[in-house]
file work-v7.pdb (PDB, C-alpha atoms)
MODEL        1
ATOM      1  CA  MET A   1     -19.993  -5.460  14.029
ATOM      2  CA  SER A   2     -20.012  -2.584  11.553
ATOM      3  CA  LEU A   3     -22.915  -1.043  13.452
ATOM      4  CA  VAL A   4     -25.263  -3.633  11.915
ATOM      5  CA  GLY A   5     -26.146  -4.949  15.353
ATOM      6  CA  ALA A   6     -26.806  -1.432  16.679
ATOM      7  CA  LEU A   7     -28.768   0.109  13.831
ATOM      8  CA  THR A   8     -30.729  -2.772  12.311
ATOM      9  CA  PRO A   9     -33.097  -3.185  15.285
ATOM     10  CA  LEU A  10     -34.211   0.444  14.857
ATOM     11  CA  GLY A  11     -35.880  -0.356  11.582
ATOM     12  CA  LYS A  12     -36.898  -3.946  12.137
ATOM     13  CA  GLU A  13     -37.830  -4.177  15.776
ATOM     14  CA  ALA A  14     -38.757  -0.646  16.739
ATOM     15  CA  HIS A  15     -40.216   0.085  13.292
ATOM     16  CA  ASN A  16     -38.673   3.519  13.484
ATOM     17  CA  TYR A  17     -37.661   3.614   9.843
ATOM     18  CA  LYS A  18     -37.115   7.370   9.761
ATOM     19  CA  LEU A  19     -34.654   7.248  12.644
ATOM     20  CA  TRP A  20     -32.949   4.190  11.156
ATOM     21  CA  PHE A  21     -32.561   5.981   7.822
ATOM     22  CA  ARG A  22     -31.206   9.159   9.442
ATOM     23  CA  SER A  23     -28.789   7.145  11.575
ATOM     24  CA  ALA A  24     -27.554   5.010   8.678
ATOM     25  CA  LEU A  25     -27.152   8.113   6.514
ATOM     26  CA  SER A  26     -25.285  10.002   9.263
ATOM     27  CA  TYR A  27     -23.008   7.011   9.816
ATOM     28  CA  THR A  28     -22.328   6.666   6.084
ATOM     29  CA  ALA A  29     -21.676  10.376   5.477
ATOM     30  CA  ALA A  30     -19.463  10.857   8.529
ATOM     31  CA  GLY A  31     -17.406   7.766   7.725
ATOM     32  CA  ALA A  32     -17.014   8.959   4.142
ATOM     33  CA  VAL A  33     -15.553  12.247   5.422
ATOM     34  CA  SER A  34     -13.080  10.373   7.647
ATOM     35  CA  SER A  35     -12.171   7.993   4.826
ATOM     36  CA  ILE A  36     -11.508  10.845   2.424
ATOM     37  CA  ILE A  37      -9.229  12.531   4.969
ATOM     38  CA  VAL A  38      -7.352   9.297   5.737
ATOM     39  CA  GLY A  39      -7.018   8.380   2.044
ATOM     40  CA  ALA A  40      -5.707  11.832   1.134
ATOM     41  CA  ALA A  41      -3.264  11.842   4.067
ATOM     42  CA  LEU A  42      -1.927   8.384   3.202
ATOM     43  CA  GLY A  43      -1.605   9.265  -0.480
ATOM     44  CA  MET A  44       0.236  12.477   0.359
ATOM     45  CA  THR A  45       2.521  10.630   2.777
ATOM     46  CA  GLY A  46       3.296   8.082   0.063
ATOM     47  CA  ARG A  47       4.029  10.840  -2.437
ATOM     48  CA  LEU A  48       6.454  12.533  -0.046
ATOM     49  CA  MET A  49       8.129   9.347   1.207
ATOM     50  CA  ILE A  50       8.403   7.234  -1.912
ATOM     51  CA  GLY A  51      10.071   8.793  -4.924
ATOM     52  CA  GLY A  52       9.686   7.607  -8.517
ATOM     53  CA  THR A  53      12.741   5.319  -8.319
ATOM     54  CA  PHE A  54      11.376   3.451  -5.333
ATOM     55  CA  ARG A  55       7.834   3.112  -6.660
ATOM     56  CA  ALA A  56       8.338  -0.358  -8.214
ATOM     57  CA  PRO A  57      10.075  -1.831  -5.134
ATOM     58  CA  ALA A  58       7.263  -0.358  -3.030
ATOM     59  CA  TYR A  59       4.705  -2.296  -5.087
ATOM     60  CA  TYR A  60       6.655  -5.507  -4.493
ATOM     61  CA  ILE A  61       6.581  -4.796  -0.769
ATOM     62  CA  VAL A  62       2.793  -4.479  -1.119
ATOM     63  CA  VAL A  63       2.756  -7.866  -2.907
ATOM     64  CA  SER A  64       4.639  -9.419   0.030
ATOM     65  CA  ILE A  65       2.306  -7.828   2.552
ATOM     66  CA  GLY A  66      -0.740  -9.006   0.585
ATOM     67  CA  LEU A  67       0.517 -12.591   0.373
ATOM     68  CA  ILE A  68       1.478 -12.746   4.051
ATOM     69  CA  LEU A  69      -1.933 -11.377   5.055
ATOM     70  CA  ALA A  70      -3.675 -13.830   2.693
ATOM     71  CA  ALA A  71      -1.755 -16.675   4.357
ATOM     72  CA  ARG A  72      -3.007 -15.403   7.702
ATOM     73  CA  GLU A  73      -6.612 -15.300   6.493
ATOM     74  CA  TRP A  74      -6.307 -18.904   5.281
ATOM     75  CA  ASN A  75      -4.774 -20.036   8.615
ATOM     76  CA  ILE A  76      -1.411 -20.877   7.040
ATOM     77  CA  LEU A  77       0.262 -18.246   9.222
ATOM     78  CA  SER A  78      -0.842 -17.087  12.620
ATOM     79  CA  PHE A  79      -0.073 -13.638  13.986
ATOM     80  CA  SER A  80      -1.913 -10.683  15.414
ATOM     81  CA  LEU A  81      -2.634  -7.682  13.252
ATOM     82  CA  PRO A  82      -1.498  -4.302  14.496
ATOM     83  CA  GLU A  83      -4.708  -2.798  15.817
ATOM     84  CA  ARG A  84      -6.177  -0.907  18.711
ATOM     85  CA  LYS A  85      -8.328  -3.467  20.472
ATOM     86  CA  LEU A  86     -11.091  -0.958  20.990
ATOM     87  CA  GLN A  87     -14.603  -0.584  19.745
ATOM     88  CA  THR A  88     -16.230   2.757  19.202
ATOM     89  CA  GLU A  89     -17.852   4.522  22.152
ATOM     90  CA  LYS A  90     -21.252   3.010  22.935
ATOM     91  CA  PHE A  91     -22.129   5.694  25.464
ATOM     92  CA  TRP A  92     -22.457   8.305  22.682
ATOM     93  CA  VAL A  93     -25.937   6.960  22.022
ATOM     94  CA  HIS A  94     -27.029   8.038  25.510
ATOM     95  CA  GLU A  95     -25.591  11.519  25.080
ATOM     96  CA  PHE A  96     -26.426  12.290  21.460
ATOM     97  CA  GLY A  97     -29.236   9.923  20.507
ATOM     98  CA  PHE A  98     -29.003   7.385  17.677
ATOM     99  CA  ALA A  99     -28.583   9.810  14.782
ATOM    100  CA  GLY A 100     -25.965  11.924  16.575
ATOM    101  CA  ALA A 101     -24.100   8.896  17.864
ATOM    102  CA  SER A 102     -24.170   7.294  14.408
ATOM    103  CA  PHE A 103     -22.500  10.393  13.013
ATOM    104  CA  LEU A 104     -19.747  10.184  15.647
ATOM    105  CA  TRP A 105     -19.411   6.409  15.167
ATOM    106  CA  GLY A 106     -18.976   7.003  11.448
ATOM    107  CA  LEU A 107     -16.298   9.639  12.043
ATOM    108  CA  HIS A 108     -14.492   7.362  14.497
ATOM    109  CA  ILE A 109     -14.742   4.037  12.652
ATOM    110  CA  GLY A 110     -14.127   5.701   9.282
ATOM    111  CA  LEU A 111     -10.647   6.703  10.450
ATOM    112  CA  GLY A 112      -9.803   3.005  10.341
ATOM    113  CA  PHE A 113      -6.784   2.973  12.625
ATOM    114  CA  PHE A 114      -8.515   3.653  15.925
ATOM    115  CA  THR A 115     -10.827   0.644  16.264
ATOM    116  CA  ARG A 116     -10.503  -3.115  15.784
ATOM    117  CA  ILE A 117      -9.489  -4.203  12.290
ATOM    118  CA  THR A 118      -9.918  -8.029  12.410
ATOM    119  CA  TYR A 119      -9.105  -8.711   8.733
ATOM    120  CA  GLY A 120      -5.882  -7.926   6.897
ATOM    121  CA  GLY A 121      -7.381  -6.145   3.895
ATOM    122  CA  PHE A 122      -7.271  -2.751   5.568
ATOM    123  CA  TRP A 123      -3.491  -2.899   6.056
ATOM    124  CA  ALA A 124      -2.975  -4.069   2.478
ATOM    125  CA  LEU A 125      -5.013  -1.074   1.295
ATOM    126  CA  VAL A 126      -2.961   1.283   3.460
ATOM    127  CA  ALA A 127       0.212  -0.192   1.957
ATOM    128  CA  ILE A 128      -0.931   0.189  -1.634
ATOM    129  CA  VAL A 129      -2.205   3.743  -1.089
ATOM    130  CA  LEU A 130       1.239   4.620   0.284
ATOM    131  CA  ALA A 131       2.933   2.901  -2.674
ATOM    132  CA  LEU A 132       0.722   4.684  -5.211
ATOM    133  CA  GLY A 133       1.456   8.085  -3.651
ATOM    134  CA  ASP A 134      -1.656   9.605  -5.172
ATOM    135  CA  PRO A 135      -3.843  11.516  -2.664
ATOM    136  CA  LEU A 136      -6.840  11.649  -5.005
ATOM    137  CA  PHE A 137      -6.813   7.927  -5.705
ATOM    138  CA  GLY A 138      -6.069   7.270  -2.033
ATOM    139  CA  MET A 139      -9.297   9.104  -1.194
ATOM    140  CA  ALA A 140     -11.200   6.973  -3.727
ATOM    141  CA  LEU A 141      -9.708   3.727  -2.456
ATOM    142  CA  ILE A 142     -10.308   4.298   1.257
ATOM    143  CA  SER A 143     -13.808   5.587   0.408
ATOM    144  CA  ALA A 144     -14.475   2.354  -1.528
ATOM    145  CA  TYR A 145     -13.385   0.446   1.585
ATOM    146  CA  TRP A 146     -15.847   2.500   3.619
ATOM    147  CA  LEU A 147     -18.568   1.833   1.044
ATOM    148  CA  GLY A 148     -18.036  -1.901   1.610
ATOM    149  CA  ARG A 149     -18.214  -1.399   5.369
ATOM    150  CA  VAL A 150     -21.466   0.548   5.314
ATOM    151  CA  LEU A 151     -23.040  -1.748   2.757
ATOM    152  CA  SER A 152     -23.804  -4.229   5.524
ATOM    153  CA  VAL A 153     -25.644  -1.543   7.508
ATOM    154  CA  TRP A 154     -27.896  -0.776   4.522
ATOM    155  CA  VAL A 155     -28.361  -4.379   3.390
ATOM    156  CA  ALA A 156     -28.944  -6.101   6.754
ATOM    157  CA  PRO A 157     -32.543  -4.841   7.256
ATOM    158  CA  LEU A 158     -33.456  -6.014   3.772
ATOM    159  CA  LEU A 159     -32.154  -9.494   4.550
ATOM    160  CA  LEU A 160     -34.194  -9.867   7.705
ATOM    161  CA  LYS A 161     -37.784 -10.929   7.335
ATOM    162  CA  ALA A 162     -40.266  -8.480   8.810
ATOM    163  CA  GLU A 163     -41.731 -11.003  11.209
ATOM    164  CA  THR A 164     -38.408 -11.919  12.735
ATOM    165  CA  THR A 165     -36.452 -10.098  15.379
ATOM    166  CA  CYS A 166     -32.855  -9.015  15.207
ATOM    167  CA  ALA A 167     -31.754 -11.282  18.042
ATOM    168  CA  GLY A 168     -29.036 -13.622  16.909
ATOM    169  CA  LEU A 169     -27.948 -11.484  13.964
ATOM    170  CA  THR A 170     -24.507 -10.837  15.434
ATOM    171  CA  GLU A 171     -24.059 -14.491  16.354
ATOM    172  CA  ALA A 172     -25.258 -15.597  12.922
ATOM    173  CA  VAL A 173     -22.640 -13.467  11.189
ATOM    174  CA  PHE A 174     -19.938 -14.497  13.668
ATOM    175  CA  ASP A 175     -20.644 -18.132  12.856
ATOM    176  CA  HIS A 176     -19.450 -17.400   9.325
ATOM    177  CA  ARG A 177     -16.283 -15.547  10.126
ATOM    178  CA  ASP A 178     -14.231 -18.320   8.507
ATOM    179  CA  VAL A 179     -16.050 -17.787   5.203
ATOM    180  CA  LEU A 180     -15.415 -14.054   5.451
ATOM    181  CA  ARG A 181     -11.735 -14.700   6.170
ATOM    182  CA  ARG A 182     -11.444 -16.893   3.075
ATOM    183  CA  ILE A 183     -13.112 -14.173   0.984
ATOM    184  CA  SER A 184     -10.704 -11.641   2.458
ATOM    185  CA  GLY A 185      -7.786 -13.949   1.591
ATOM    186  CA  ALA A 186      -8.969 -14.236  -2.022
ATOM    187  CA  ALA A 187      -9.258 -10.449  -2.278
ATOM    188  CA  LEU A 188      -5.733 -10.096  -0.860
ATOM    189  CA  ILE A 189      -4.407 -12.367  -3.617
ATOM    190  CA  CYS A 190      -6.233 -10.137  -6.155
ATOM    191  CA  LEU A 191      -4.636  -7.047  -4.622
ATOM    192  CA  SER A 192      -1.186  -8.673  -4.774
ATOM    193  CA  ALA A 193      -1.706  -9.566  -8.436
ATOM    194  CA  ILE A 194      -2.738  -5.977  -9.205
ATOM    195  CA  ALA A 195       0.344  -4.693  -7.352
ATOM    196  CA  VAL A 196       2.534  -6.884  -9.599
ATOM    197  CA  LEU A 197       0.877  -5.346 -12.676
ATOM    198  CA  LEU A 198       1.437  -1.853 -11.266
ATOM    199  CA  ALA A 199       5.103  -2.619 -10.581
ATOM    200  CA  ARG A 200       5.642  -3.740 -14.170
ATOM    201  CA  GLN A 201       3.989  -0.683 -15.733
TER     202      GLN A 201
ATOM    203  CA  MET B   1     -37.006 -17.946  17.102
ATOM    204  CA  THR B   2     -33.292 -17.203  17.193
ATOM    205  CA  CYS B   3     -32.475 -20.371  15.235
ATOM    206  CA  GLU B   4     -35.009 -19.488  12.576
ATOM    207  CA  ILE B   5     -33.512 -16.025  12.182
ATOM    208  CA  SER B   6     -29.980 -17.287  12.293
ATOM    209  CA  THR B   7     -30.519 -19.737   9.472
ATOM    210  CA  SER B   8     -32.242 -17.359   7.082
ATOM    211  CA  THR B   9     -30.062 -14.409   7.977
ATOM    212  CA  ARG B  10     -26.769 -16.216   7.846
ATOM    213  CA  ASN B  11     -27.595 -17.814   4.523
ATOM    214  CA  ALA B  12     -28.624 -14.480   3.068
ATOM    215  CA  LEU B  13     -25.537 -12.739   4.416
ATOM    216  CA  VAL B  14     -23.184 -15.403   3.142
ATOM    217  CA  ARG B  15     -24.907 -15.435  -0.253
ATOM    218  CA  THR B  16     -24.595 -11.657  -0.400
ATOM    219  CA  GLY B  17     -20.914 -11.945   0.489
ATOM    220  CA  TYR B  18     -20.296 -14.432  -2.292
ATOM    221  CA  LEU B  19     -22.325 -12.304  -4.703
ATOM    222  CA  ILE B  20     -20.221  -9.255  -3.871
ATOM    223  CA  LEU B  21     -17.064 -11.329  -4.322
ATOM    224  CA  LEU B  22     -18.330 -12.589  -7.683
ATOM    225  CA  ILE B  23     -19.332  -9.136  -8.881
ATOM    226  CA  GLY B  24     -16.100  -7.676  -7.513
ATOM    227  CA  THR B  25     -14.046 -10.309  -9.314
ATOM    228  CA  ALA B  26     -15.939  -9.806 -12.571
ATOM    229  CA  VAL B  27     -15.638  -6.040 -12.377
ATOM    230  CA  GLY B  28     -12.027  -6.352 -11.273
ATOM    231  CA  LEU B  29     -11.062  -8.651 -14.130
ATOM    232  CA  SER B  30     -12.792  -6.514 -16.744
ATOM    233  CA  VAL B  31     -11.367  -3.297 -15.378
ATOM    234  CA  VAL B  32      -7.855  -4.656 -14.888
ATOM    235  CA  ALA B  33      -7.446  -4.917 -18.643
ATOM    236  CA  PHE B  34      -7.820  -1.137 -18.895
ATOM    237  CA  SER B  35      -6.399   0.036 -15.593
ATOM    238  CA  PRO B  36      -4.962  -2.091 -12.782
ATOM    239  CA  ARG B  37      -5.481   0.877 -10.481
ATOM    240  CA  ALA B  38      -9.219   0.935 -11.092
ATOM    241  CA  ALA B  39      -9.366  -2.798 -10.338
ATOM    242  CA  LEU B  40      -8.321  -1.949  -6.794
ATOM    243  CA  LEU B  41     -11.663  -0.254  -6.147
ATOM    244  CA  PRO B  42     -13.885  -3.391  -6.109
ATOM    245  CA  THR B  43     -11.169  -5.130  -4.076
ATOM    246  CA  ALA B  44     -11.396  -2.335  -1.504
ATOM    247  CA  VAL B  45     -15.189  -2.764  -1.354
ATOM    248  CA  ILE B  46     -14.717  -6.469  -0.560
ATOM    249  CA  PHE B  47     -12.239  -5.643   2.213
ATOM    250  CA  GLY B  48     -14.823  -3.323   3.687
ATOM    251  CA  TRP B  49     -17.680  -5.800   3.351
ATOM    252  CA  VAL B  50     -15.892  -8.614   5.203
ATOM    253  CA  GLN B  51     -15.567  -6.333   8.219
ATOM    254  CA  ILE B  52     -19.155  -7.325   8.923
ATOM    255  CA  GLY B  53     -17.517 -10.278  10.676
ATOM    256  CA  GLY B  54     -15.290  -7.980  12.727
ATOM    257  CA  LEU B  55     -15.992  -6.698  16.180
TER     258      LEU B  55
ENDMDL
END
call {"tool": "encode", "arguments": {"input": "work-v7.pdb", "output": "structure tokens"}}
result
Amino acid sequence: MSLVGALTPLGKEAHNYKLWFRSALSYTAAGAVSSIIVGAALGMTGRLMIGGTFRAPAYYIVVSIGLILAAREWNILSFSLPERKLQTEKFWVHEFGFAGASFLWGLHIGLGFFTRITYGGFWALVAIVLALGDPLFGMALISAYWLGRVLSVWVAPLLLKAETTCAGLTEAVFDHRDVLRRISGAALICLSAIAVLLARQ
Amino acid sequence: MTCEISTSTRNALVRTGYLILLIGTAVGLSVVAFSPRAALLPTAVIFGWVQIGGL
């Protein structure tokens, strides 16, 4: 669950704020490196694969992908996303400690393609980065995605009251997965609308 | 204890999610007038945030 369940207890239950901070920072920095690499690679691939003539049709393909994924998020369509049904390696914490493992988790999860995806937004982003064919902007876009992912790690401890424990945090978030799916669907519609604007430019 | 945490935490998390969506939409709409590309950035942040509900 975006490492929230693993890292939050460090600060709130164990009161090891220094370790929590180092771990969260390692996770954030490592994931940013992976995101930059993935964004640049996708942007470069898009530049090489999609020439200027095909740019507009590519945006309309992104619109279709965005709308189909939005329909999935709103339970209008039902299909499985292409994903590796794997989580990151939990045993790293035993070998490298929390800070070291957080760094590796960030590198691994930040790559995007090698762990569970759950929501369709990631694939829509991949599609639009390919369509844009701009490595620099691809880096910015995938990094922004990573920023959103790590935001929960930084915000979760602030949301928990000091006197409470972290038990039930994962379940509490899971109870609201439908809300998150609807938000994801709304964002996919936004992305589709932006892709239309890009196609008409 | 778990129920108490769940209620406060879930409400806070959901409120934060909606707040991010609201801010993202506002930023997106204002930015889209100047550059549709730039409007993709807050959208990407939202896609990342919702992964909190992923595994």
call {"tool": "residues_around", "arguments": {"input": "work-v7.pdb", "residues": "Phe114 of chain A", "least_positions_apart": "5", "cutoff": "10 Å", "atoms": "all atoms listed in the file", "output": "mmCIF file with C-alpha atoms, keeping the file's coordinate frame"}}
result
data_model
loop_
_atom_site.group_PDB
_atom_site.id
_atom_site.type_symbol
_atom_site.label_atom_id
_atom_site.label_comp_id
_atom_site.auth_asym_id
_atom_site.auth_seq_id
_atom_site.Cartn_x
_atom_site.Cartn_y
_atom_site.Cartn_z
ATOM 1 C CA GLU A 83 -4.708 -2.798 15.817
ATOM 2 C CA ARG A 84 -6.177 -0.907 18.711
ATOM 3 C CA LYS A 85 -8.328 -3.467 20.472
ATOM 4 C CA LEU A 86 -11.091 -0.958 20.990
ATOM 5 C CA GLN A 87 -14.603 -0.584 19.745
ATOM 6 C CA THR A 88 -16.230 2.757 19.202
ATOM 7 C CA HIS A 108 -14.492 7.362 14.497
ATOM 8 C CA ILE A 109 -14.742 4.037 12.652
#
call {"tool": "atom_distance", "arguments": {"input": "work-v7.pdb", "atom1": "atom CA of Gly31 of chain A", "atom2": "atom CA of Leu107 of chain A"}}
result
4.8 Å
call {"tool": "axis_aligned_box", "arguments": {"input": "work-v7.pdb", "around": "segment 18-36 of chain A", "padding_each_side": "8 Å", "output": "lines of an AutoDock Vina configuration file"}}
result
center_x = -24.3
center_y = 8.2
center_z = 7.5
size_x = 41.6
size_y = 24.1
size_z = 26.2
call {"tool": "residues_around", "arguments": {"input": "work-v7.pdb", "residues": "Ala30 of chain A", "least_positions_apart": "5", "cutoff": "9 Å", "atoms": "all atoms listed in the file", "output": "PyMOL selection string"}}
result
chain A and resi 25+35+102-108+110
call {"tool": "atom_distance", "arguments": {"input": "work-v7.pdb", "atom1": "atom CA of Arg37 of chain B", "atom2": "atom CA of Gly46 of chain A"}}
result
15.5 Å
call {"tool": "closest_residue", "arguments": {"input": "work-v7.pdb", "among": "A:Ala186, A:Val33, A:Leu132, A:Leu125", "to": "Ile65 of chain A", "atoms": "only C-alpha atoms"}}
result
A:Leu125
call {"tool": "atom_distance", "arguments": {"input": "work-v7.pdb", "atom1": "atom CA of Val129 of chain A", "atom2": "atom CA of Phe34 of chain B"}}
result
19.3 Å
call {"tool": "resolve_selection", "arguments": {"input": "work-v7.pdb", "expression": "the PyMOL selection byres ((chain A and resi 128) around 9)", "output": "list in words"}}
result
Ala58, Tyr59, Val62, Val63, Trp123, Ala124, Leu125, Val126, Ala127, Val129, Leu130, Ala131, Leu132, Gly133, Gly138, Leu191 and Ala195 of chain A
call {"tool": "write_last_selection", "arguments": {"input": "work-v7.pdb", "atoms": "C-alpha atoms", "output": "PDB file, in the frame of the given file"}}
result
ATOM      1  CA  ALA A  58       7.263  -0.358  -3.030  1.00  0.00           C
ATOM      2  CA  TYR A  59       4.705  -2.296  -5.087  1.00  0.00           C
ATOM      3  CA  VAL A  62       2.793  -4.479  -1.119  1.00  0.00           C
ATOM      4  CA  VAL A  63       2.756  -7.866  -2.907  1.00  0.00           C
ATOM      5  CA  TRP A 123      -3.491  -2.899   6.056  1.00  0.00           C
ATOM      6  CA  ALA A 124      -2.975  -4.069   2.478  1.00  0.00           C
ATOM      7  CA  LEU A 125      -5.013  -1.074   1.295  1.00  0.00           C
ATOM      8  CA  VAL A 126      -2.961   1.283   3.460  1.00  0.00           C
ATOM      9  CA  ALA A 127       0.212  -0.192   1.957  1.00  0.00           C
ATOM     10  CA  VAL A 129      -2.205   3.743  -1.089  1.00  0.00           C
ATOM     11  CA  LEU A 130       1.239   4.620   0.284  1.00  0.00           C
ATOM     12  CA  ALA A 131       2.933   2.901  -2.674  1.00  0.00           C
ATOM     13  CA  LEU A 132       0.722   4.684  -5.211  1.00  0.00           C
ATOM     14  CA  GLY A 133       1.456   8.085  -3.651  1.00  0.00           C
ATOM     15  CA  GLY A 138      -6.069   7.270  -2.033  1.00  0.00           C
ATOM     16  CA  LEU A 191      -4.636  -7.047  -4.622  1.00  0.00           C
ATOM     17  CA  ALA A 195       0.344  -4.693  -7.352  1.00  0.00           C
TER      18      ALA A 195
END
call {"tool": "residues_around", "arguments": {"input": "work-v7.pdb", "residues": "Val45 of chain B", "least_positions_apart": "5", "cutoff": "7 Å", "atoms": "all atoms listed in the file", "output": "PyMOL selection string"}}
result
chain A and resi 144-145+147-148
